[in-house]
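All remarks here apply to the structure that follows.
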Amino acid sequence: MTTSTDDLALASDFRPATYDDWRKLVDGVLKGAPFEKLVGKTYDGLKIDPIYRRATNSSPLAGRAAAAPWQILQRVDHPDAAQANAQALQDLENGATGLEFEFAGGPGARGFGLADASKKTLARACGGVHLDAGIMIALNPVIGRENAGETFADMVEARKLDPAKLDLHFNYQALSTMAVRGAAAIAWPDYEKSFGQVVNGLIKRGFKGPFVLADGRPVHDAGGSEVQELAFTLALGLAYLRMLEGAGIELDAARAAISFRLSADADQFLTMAKFRALRLLWARVEQACGLAPKPIFVNAQTAWRMLTQRDPNVNMLRATIATFAAGLGGANAITVLPHTLALGLPDDFARRVARNTQLVLLDESNLAKVSDPAAGAGGIETLTSQLCEAAWTLFQEIEKAGGIFAALEQGLLQNKVTATRLLRETNVAKRRDVLTGASEFPDLREAAPAVLDVKPSAPASLAGAKVKFDALAPMRLAEPFEALRDKSDAALKAHGVRPKIFLANLGTAADFTARATFAKSFFETGGIEAIDSEGFADAAALAAAYKASGATLACICSSDKVYAASASEAARALQGAGARHIYLAGRPGDQEAALRAAGIGEFVFAGGDALATLRDAYRRMEQT
């Protein structure tokens with residue numbers, strides 16, 4: 001017996017639900033509150049609605065070839081060339097399809113990288129690596145040091161390989177390096193001619209490129225927004241296009257010499273939209289140049305600023321989401337920063353996890369099988385469009401300033417990035433932007449993961465720089481909380497105990513558990529160990545338990561009802577027992593005056609400035 005698929009239509013007995021139906025249900029739940037309460041905003045002020053209609057008349061963006069996987073790149077960043085070579089060979093044998101060579105002092109080296117780019121170093125680092133075996137090689141040369149690109153080209157010729165058959169990305173990124181350093185040996189207009197000649201020379205030697213990289217990471221690393229990163233990347237690409245054309249390279253060949261890189265972070269939808277937006281934005285530049293748009297090569301690297309030193313295993317999850325988003329957003333190649341990189345040079349295990357993150361998503365989850373799966377999705381299509389419009393406006397502002405180098409000299413971009421970074425830092429401090437394991441749900445007894453015993457290299461010297469401006473300095477969002485955890489660790493090492501706070505729980509478990517749990521997480525994010533207790537009804541017993549805890553501080557935890565009846569008495573008992581400062585978990589409401597009069601000095605609650613409170617707690621504990 002055969003059955004028509006029409007006979008199996010699911011939910012055929014129900015009327016199709018519409019957007020208006022959903023709105024009626026939501027309005028009923030909101031009970032008069034404005035619908036805008038459900039509308040979020042990005043750091044660029046772009047609206048994110050709670051639900052979207054399907055986008056009509058949408059088509060997939062041209063990116064990777066249909067069903068083609070992205071390249072799995074692995075960083076080669078050990079300062080010792082022999083060790084770097086051993087890592088590179090292991091990576092290639094175990095799933096990596098490309099290598100990204102970092103050099104000390106580079107804008108994305110994170111303190112590590114090959115010590116130099118001499119012929120000896122590169123030959124040793126690439127020993128046994130079959131450059132013509134279809135693998136992608138990405139170099140990240142550092143301006144002001146040996147020319148890694150030309151040295152690598154010499155090695156290719158010495159091996160008698162056909163340059164045109166290699167997948168070699170030279171990744172010259174002078175402007176990004178200047179932006180990170182906040183300095184340049186000479187002004188960009190004076191640098192353009194010599195830079196263009198280097199690229200032209202490589203083209204004449206038979207290399208196909210790409211040769212220069214429009215790298216948006218400096219803006220992301222410095223805490224900037226998606227729009228700022230896109231506009232910066234676009235402005236870089238146009239500056240390089242002008243440079244190459246000025247060096248006598250035909251415009252069509254010049255655009256083929258440029259590739260792009262963006263950071264991918266744990267915001268899945270914004271990352272997907274950002275990668276899609278870059279393709280649309282550059283196509284508009286090509287059209288303005290009289291060129292028919294062609295697919296560009298877009299690299300992705302998981303974000304530096306989202307990495308945490310504390311609970312670093314969570315970084316694996318962040319990297320997974322970032323890789324997922326970049327892959328679905330159409331990235332051609334992805335580099336996953338190992339989860340322990342913020343602690344030091346990653347070991348073999350961390351490198352293996354970085355590789356396998358991508359292998360699982362490609363080979364087991366089959367993410368590359370569908371081209372641009374976001375096409376037609378109302379939310380992502382809307383975000384993509386909004387990012388394009390806002391980034392193009394900022395890009396035009398940069399161009400009006402005279403281009404990206406002039407904009408950096410004037411501080412135009414840095415001022416915008418700084419404002420965004422400060423807002424991010426405020427939201428992290430108030431735990432509106434959550435960093436699991438660092439600003440929420442800490443583990444004071446976590447074991448430190450292993451990293452290699454290699455000291456990071458010093459930042460590049462700015463001596464001799466003729467042009468200086470504010471740098472787009474990299475940062476990590478978790479650093480302020482990590483600094484407090486470091487203070488706690490230092491106290492533990494020096495005295496055998498951490499700083500402590502006593503949780504003065506009042507009433508029954510049903511009364512105090514929720515706020516005690518909140519208070520424990522709140523204080524332990526700063527390394528202050530929370531000493532829990534049973535619920536107390538007797539002030540004298542509470543005072544005795546506090547004295548026995550050895551804590552300097554105390555935090556009263558219970559329900560509003562219990563606070564009204566017992567919090568003032570509890571505070572006076574704790575104060576009498578020697579508590580240096582007393583906190584209360586929750587907002588005080590109309591009881592504030594009475595509670596402060598009883599000795600409560602501060603109230604901790606969701607949305608308060610946790611970082612300021614924790615820093616003040618250390619100040620109080622250090623008072624004699």
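Every chain in the structure tokens has a letter given in the order shown (A, B, ...), and although residue numbers restart at 1 in each chain, ligands are simply numbered from 1 in the order shown.
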
Using DSSP assignments from the backbone, pull out every residue in stretch 46-224 of chain A that falls under helix (DSSP H, G or I) and give it to me as an mmCIF file with N, CA and C atoms, in the first residue's frame.
```cif
data_model
loop_
_atom_site.group_PDB
_atom_site.id
_atom_site.type_symbol
_atom_site.label_atom_id
_atom_site.label_comp_id
_atom_site.auth_asym_id
_atom_site.auth_seq_id
_atom_site.Cartn_x
_atom_site.Cartn_y
_atom_site.Cartn_z
ATOM 1 N N ALA A 81 61.704 27.002 16.774
ATOM 2 C CA ALA A 81 61.311 26.494 15.460
ATOM 3 C C ALA A 81 61.155 24.976 15.453
ATOM 4 N N ALA A 82 62.015 24.256 16.174
ATOM 5 C CA ALA A 82 61.924 22.790 16.199
ATOM 6 C C ALA A 82 60.631 22.346 16.873
ATOM 7 N N GLN A 83 60.277 22.993 17.997
ATOM 8 C CA GLN A 83 59.037 22.661 18.680
ATOM 9 C C GLN A 83 57.825 23.047 17.829
ATOM 10 N N ALA A 84 57.931 24.191 17.170
ATOM 11 C CA ALA A 84 56.842 24.627 16.292
ATOM 12 C C ALA A 84 56.638 23.622 15.166
ATOM 13 N N ASN A 85 57.708 23.100 14.632
ATOM 14 C CA ASN A 85 57.614 22.112 13.557
ATOM 15 C C ASN A 85 56.944 20.829 14.033
ATOM 16 N N ALA A 86 57.323 20.373 15.227
ATOM 17 C CA ALA A 86 56.707 19.156 15.767
ATOM 18 C C ALA A 86 55.207 19.349 15.951
ATOM 19 N N GLN A 87 54.804 20.516 16.428
ATOM 20 C CA GLN A 87 53.385 20.790 16.597
ATOM 21 C C GLN A 87 52.665 20.842 15.248
ATOM 22 N N ALA A 88 53.294 21.489 14.281
ATOM 23 C CA ALA A 88 52.671 21.620 12.961
ATOM 24 C C ALA A 88 52.453 20.254 12.327
ATOM 25 N N LEU A 89 53.431 19.392 12.397
ATOM 26 C CA LEU A 89 53.286 18.057 11.805
ATOM 27 C C LEU A 89 52.196 17.263 12.517
ATOM 28 N N GLN A 90 52.151 17.383 13.827
ATOM 29 C CA GLN A 90 51.100 16.680 14.580
ATOM 30 C C GLN A 90 49.722 17.201 14.200
ATOM 31 N N ASP A 91 49.594 18.512 14.034
ATOM 32 C CA ASP A 91 48.312 19.099 13.648
ATOM 33 C C ASP A 91 47.861 18.581 12.286
ATOM 34 N N LEU A 92 48.770 18.562 11.321
ATOM 35 C CA LEU A 92 48.415 18.114 9.976
ATOM 36 C C LEU A 92 48.074 16.633 9.943
ATOM 37 N N GLU A 93 48.751 15.849 10.763
ATOM 38 C CA GLU A 93 48.476 14.414 10.809
ATOM 39 C C GLU A 93 47.134 14.107 11.464
ATOM 40 N N LYS A 119 65.636 32.683 7.287
ATOM 41 C CA LYS A 119 65.574 31.493 6.431
ATOM 42 C C LYS A 119 65.751 30.229 7.256
ATOM 43 N N LYS A 120 66.664 30.269 8.203
ATOM 44 C CA LYS A 120 66.928 29.092 9.043
ATOM 45 C C LYS A 120 65.695 28.723 9.865
ATOM 46 N N THR A 121 65.063 29.743 10.461
ATOM 47 C CA THR A 121 63.892 29.490 11.305
ATOM 48 C C THR A 121 62.731 28.930 10.489
ATOM 49 N N LEU A 122 62.437 29.548 9.350
ATOM 50 C CA LEU A 122 61.317 29.080 8.532
ATOM 51 C C LEU A 122 61.578 27.700 7.960
ATOM 52 N N ALA A 123 62.813 27.428 7.550
ATOM 53 C CA ALA A 123 63.144 26.103 7.021
ATOM 54 C C ALA A 123 62.964 25.043 8.104
ATOM 55 N N ARG A 124 63.374 25.367 9.328
ATOM 56 C CA ARG A 124 63.239 24.400 10.426
ATOM 57 C C ARG A 124 61.774 24.219 10.789
ATOM 58 N N ALA A 125 61.016 25.290 10.845
ATOM 59 C CA ALA A 125 59.605 25.200 11.225
ATOM 60 C C ALA A 125 58.791 24.442 10.192
ATOM 61 N N ALA A 148 58.883 38.050 6.369
ATOM 62 C CA ALA A 148 58.550 36.624 6.367
ATOM 63 C C ALA A 148 58.012 36.174 5.021
ATOM 64 N N GLY A 149 57.295 37.052 4.332
ATOM 65 C CA GLY A 149 56.719 36.675 3.043
ATOM 66 C C GLY A 149 57.781 36.390 2.006
ATOM 67 N N GLU A 150 58.732 37.302 1.853
ATOM 68 C CA GLU A 150 59.782 37.103 0.855
ATOM 69 C C GLU A 150 60.695 35.949 1.234
ATOM 70 N N THR A 151 60.971 35.793 2.523
ATOM 71 C CA THR A 151 61.800 34.670 2.968
ATOM 72 C C THR A 151 61.118 33.339 2.675
ATOM 73 N N PHE A 152 59.804 33.287 2.918
ATOM 74 C CA PHE A 152 59.060 32.068 2.625
ATOM 75 C C PHE A 152 59.040 31.801 1.124
ATOM 76 N N ALA A 153 58.904 32.862 0.327
ATOM 77 C CA ALA A 153 58.921 32.712 -1.130
ATOM 78 C C ALA A 153 60.259 32.150 -1.596
ATOM 79 N N ASP A 154 61.347 32.616 -0.978
ATOM 80 C CA ASP A 154 62.670 32.078 -1.318
ATOM 81 C C ASP A 154 62.748 30.583 -1.005
ATOM 82 N N MET A 155 62.155 30.176 0.108
ATOM 83 C CA MET A 155 62.171 28.761 0.489
ATOM 84 C C MET A 155 61.379 27.933 -0.516
ATOM 85 N N VAL A 156 60.249 28.460 -0.966
ATOM 86 C CA VAL A 156 59.448 27.756 -1.974
ATOM 87 C C VAL A 156 60.261 27.542 -3.246
ATOM 88 N N GLU A 157 60.947 28.575 -3.676
ATOM 89 C CA GLU A 157 61.752 28.456 -4.893
ATOM 90 C C GLU A 157 62.921 27.513 -4.689
ATOM 91 N N ALA A 158 63.507 27.524 -3.495
ATOM 92 C CA ALA A 158 64.620 26.612 -3.211
ATOM 93 C C ALA A 158 64.166 25.162 -3.247
ATOM 94 N N PRO A 163 54.989 28.036 -7.537
ATOM 95 C CA PRO A 163 54.275 28.957 -6.636
ATOM 96 C C PRO A 163 52.783 29.029 -6.924
ATOM 97 N N ALA A 164 52.400 28.909 -8.188
ATOM 98 C CA ALA A 164 50.996 29.058 -8.566
ATOM 99 C C ALA A 164 50.138 27.909 -8.062
ATOM 100 N N LYS A 165 50.764 26.807 -7.675
ATOM 101 C CA LYS A 165 50.008 25.642 -7.216
ATOM 102 C C LYS A 165 49.889 25.573 -5.686
ATOM 103 N N ALA A 174 49.884 45.597 7.392
ATOM 104 C CA ALA A 174 50.600 46.732 7.971
ATOM 105 C C ALA A 174 49.694 47.657 8.761
ATOM 106 N N LEU A 175 48.549 48.019 8.206
ATOM 107 C CA LEU A 175 47.673 48.984 8.867
ATOM 108 C C LEU A 175 47.096 48.440 10.169
ATOM 109 N N SER A 176 46.743 47.150 10.193
ATOM 110 C CA SER A 176 46.245 46.545 11.435
ATOM 111 C C SER A 176 47.329 46.560 12.501
ATOM 112 N N THR A 177 48.571 46.282 12.083
ATOM 113 C CA THR A 177 49.681 46.291 13.038
ATOM 114 C C THR A 177 49.893 47.689 13.595
ATOM 115 N N MET A 178 49.851 48.691 12.727
ATOM 116 C CA MET A 178 49.986 50.077 13.190
ATOM 117 C C MET A 178 48.879 50.433 14.171
ATOM 118 N N ALA A 179 47.663 49.980 13.885
ATOM 119 C CA ALA A 179 46.524 50.306 14.753
ATOM 120 C C ALA A 179 46.703 49.713 16.137
ATOM 121 N N VAL A 180 47.221 48.488 16.211
ATOM 122 C CA VAL A 180 47.428 47.833 17.505
ATOM 123 C C VAL A 180 48.576 48.485 18.266
ATOM 124 N N ARG A 181 49.647 48.829 17.554
ATOM 125 C CA ARG A 181 50.798 49.457 18.208
ATOM 126 C C ARG A 181 50.536 50.910 18.586
ATOM 127 N N TRP A 188 51.570 56.333 6.475
ATOM 128 C CA TRP A 188 51.081 55.360 5.506
ATOM 129 C C TRP A 188 51.339 55.774 4.059
ATOM 130 N N PRO A 189 51.094 57.024 3.673
ATOM 131 C CA PRO A 189 51.359 57.388 2.275
ATOM 132 C C PRO A 189 52.804 57.134 1.854
ATOM 133 N N ASP A 190 53.755 57.284 2.783
ATOM 134 C CA ASP A 190 55.160 57.025 2.472
ATOM 135 C C ASP A 190 55.458 55.525 2.436
ATOM 136 N N TYR A 191 54.624 54.750 3.097
ATOM 137 C CA TYR A 191 54.828 53.301 3.164
ATOM 138 C C TYR A 191 54.194 52.585 1.976
ATOM 139 N N GLU A 192 53.147 53.189 1.423
ATOM 140 C CA GLU A 192 52.367 52.527 0.374
ATOM 141 C C GLU A 192 53.214 52.058 -0.803
ATOM 142 N N LYS A 193 54.106 52.930 -1.278
ATOM 143 C CA LYS A 193 54.865 52.626 -2.489
ATOM 144 C C LYS A 193 55.732 51.387 -2.297
ATOM 145 N N SER A 194 56.489 51.351 -1.191
ATOM 146 C CA SER A 194 57.370 50.201 -0.951
ATOM 147 C C SER A 194 56.570 48.933 -0.695
ATOM 148 N N PHE A 195 55.447 49.064 0.013
ATOM 149 C CA PHE A 195 54.587 47.916 0.290
ATOM 150 C C PHE A 195 54.024 47.359 -1.014
ATOM 151 N N GLY A 196 53.551 48.237 -1.877
ATOM 152 C CA GLY A 196 53.022 47.803 -3.172
ATOM 153 C C GLY A 196 54.071 47.103 -4.013
ATOM 154 N N GLN A 197 55.312 47.573 -3.932
ATOM 155 C CA GLN A 197 56.390 46.954 -4.704
ATOM 156 C C GLN A 197 56.672 45.528 -4.213
ATOM 157 N N VAL A 198 56.579 45.326 -2.902
ATOM 158 C CA VAL A 198 56.784 43.974 -2.346
ATOM 159 C C VAL A 198 55.741 43.013 -2.907
ATOM 160 N N VAL A 199 54.477 43.434 -2.887
ATOM 161 C CA VAL A 199 53.402 42.580 -3.395
ATOM 162 C C VAL A 199 53.577 42.344 -4.895
ATOM 163 N N ASN A 200 53.889 43.392 -5.622
ATOM 164 C CA ASN A 200 54.073 43.267 -7.071
ATOM 165 C C ASN A 200 55.201 42.300 -7.390
ATOM 166 N N GLY A 201 56.253 42.352 -6.561
ATOM 167 C CA GLY A 201 57.373 41.438 -6.772
ATOM 168 C C GLY A 201 56.973 39.987 -6.590
ATOM 169 N N LEU A 202 56.152 39.714 -5.591
ATOM 170 C CA LEU A 202 55.690 38.342 -5.351
ATOM 171 C C LEU A 202 54.788 37.863 -6.482
ATOM 172 N N ILE A 203 53.954 38.758 -6.994
ATOM 173 C CA ILE A 203 53.091 38.392 -8.124
ATOM 174 C C ILE A 203 53.943 38.026 -9.336
ATOM 175 N N LYS A 204 54.976 38.810 -9.607
ATOM 176 C CA LYS A 204 55.842 38.559 -10.756
ATOM 177 C C LYS A 204 56.637 37.265 -10.602
ATOM 178 N N ARG A 217 40.307 42.243 13.390
ATOM 179 C CA ARG A 217 40.463 41.823 14.790
ATOM 180 C C ARG A 217 40.854 42.951 15.757
ATOM 181 N N PRO A 218 41.738 43.888 15.363
ATOM 182 C CA PRO A 218 42.126 44.914 16.344
ATOM 183 C C PRO A 218 40.948 45.646 16.971
ATOM 184 N N VAL A 219 39.916 45.922 16.200
ATOM 185 C CA VAL A 219 38.744 46.606 16.752
ATOM 186 C C VAL A 219 37.995 45.695 17.719
ATOM 187 N N HIS A 220 37.808 44.444 17.328
ATOM 188 C CA HIS A 220 37.117 43.491 18.205
ATOM 189 C C HIS A 220 37.924 43.253 19.474
ATOM 190 N N ASP A 221 39.234 43.060 19.328
ATOM 191 C CA ASP A 221 40.102 42.818 20.484
ATOM 192 C C ASP A 221 40.049 43.971 21.472
#
```

**OP:** Could you give me, as an NGL selection string, the residues within 12 Å of A:Phe481, counting only C-alpha atoms and dropping anything in the same chain fewer than 4 positions from it?
**Re:** :A and (308-310 or 425 or 428-431 or 434-440 or 442 or 476-477 or 485-488 or 522-528 or 610-615)

Original post:
Near A:Gln623, within 12 Å and counting only C-alpha atoms, which residues show up once chain neighbours fewer than 2 positions away are dropped, as an MDAnalysis selection string?
Top reply: chainID A and resid 552 580:581 616:621

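Each of A:Ser521, A:Arg255, A:Gly224, A:Ala465 was checked against A:Lys416 using only C-alpha atoms; the smallest atom-to-atom distance is that of A:Gly224.
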
**OP:** Find the spatial neighbours of stretch 535-551 of chain A, counting only C-alpha atoms, within a cut-off of 6 Å - ignore same-chain residues fewer than 6 positions away - and output them as number ranges by chain.
**Re:** A: 500-502, 505-508, 570, 573-574, 577

Just write the chosen residues, N, CA, C and O atoms, as a tab-separated table (two decimals), in the first residue's frame.
```
chain	number	residue	atom	x	y	z
A	500	LYS	N	37.36	35.85	53.47
A	500	LYS	CA	36.09	35.17	53.71
A	500	LYS	C	34.96	36.15	53.99
A	500	LYS	O	35.18	37.25	54.50
A	501	ILE	N	33.77	35.71	53.66
A	501	ILE	CA	32.56	36.42	54.07
A	501	ILE	C	31.59	35.39	54.63
A	501	ILE	O	31.44	34.29	54.08
A	502	PHE	N	30.96	35.72	55.72
A	502	PHE	CA	30.02	34.81	56.38
A	502	PHE	C	28.61	35.08	55.86
A	502	PHE	O	28.15	36.24	55.86
A	505	ASN	N	22.48	33.48	57.17
A	505	ASN	CA	21.18	33.04	56.65
A	505	ASN	C	20.14	33.08	57.77
A	505	ASN	O	20.35	32.53	58.85
A	506	LEU	N	19.02	33.68	57.46
A	506	LEU	CA	17.94	33.82	58.46
A	506	LEU	C	16.72	33.02	58.03
A	506	LEU	O	16.38	32.98	56.85
A	507	GLY	N	16.07	32.40	59.01
A	507	GLY	CA	14.83	31.68	58.74
A	507	GLY	C	15.08	30.26	58.24
A	507	GLY	O	16.10	29.64	58.54
A	508	THR	N	14.15	29.78	57.42
A	508	THR	CA	14.24	28.42	56.90
A	508	THR	C	14.97	28.41	55.56
A	508	THR	O	15.20	29.46	54.94
A	570	ALA	N	19.61	41.06	63.47
A	570	ALA	CA	20.75	40.26	63.03
A	570	ALA	C	21.95	41.15	62.74
A	570	ALA	O	23.09	40.82	63.09
A	573	ALA	N	23.60	42.22	65.93
A	573	ALA	CA	24.34	41.11	66.53
A	573	ALA	C	25.66	40.88	65.80
A	573	ALA	O	26.70	40.64	66.44
A	574	LEU	N	25.66	40.95	64.49
A	574	LEU	CA	26.89	40.76	63.72
A	574	LEU	C	27.87	41.90	63.98
A	574	LEU	O	29.08	41.67	64.09
A	577	ALA	N	29.52	41.34	67.13
A	577	ALA	CA	30.46	40.23	67.08
A	577	ALA	C	31.74	40.60	66.32
A	577	ALA	O	32.64	39.77	66.20
```

Subject >> In stretch 117-174 of chain A, DSSP strand (DSSP E or B) residues written as a PyMOL selection string >> reply: chain A and resi 136-139+167-169+172

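Minimum distance to A:Ala331 across A:Gly108, A:Pro69, A:Pro50, A:Pro373 (counting only C-alpha atoms) occurs at A:Pro69.
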
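When only C-alpha atoms are used to measure the gap to A:Gln268, the shortest distance among A:Arg355, A:Arg318, A:Lys369, A:Arg242 belongs to A:Arg318.
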
Original post:
Excluding same-chain residues fewer than 5 positions from A:Ile258, what lies within 7 Å of it counting only C-alpha atoms, as a PyMOL selection string?
Top reply: chain A and resi 210-213
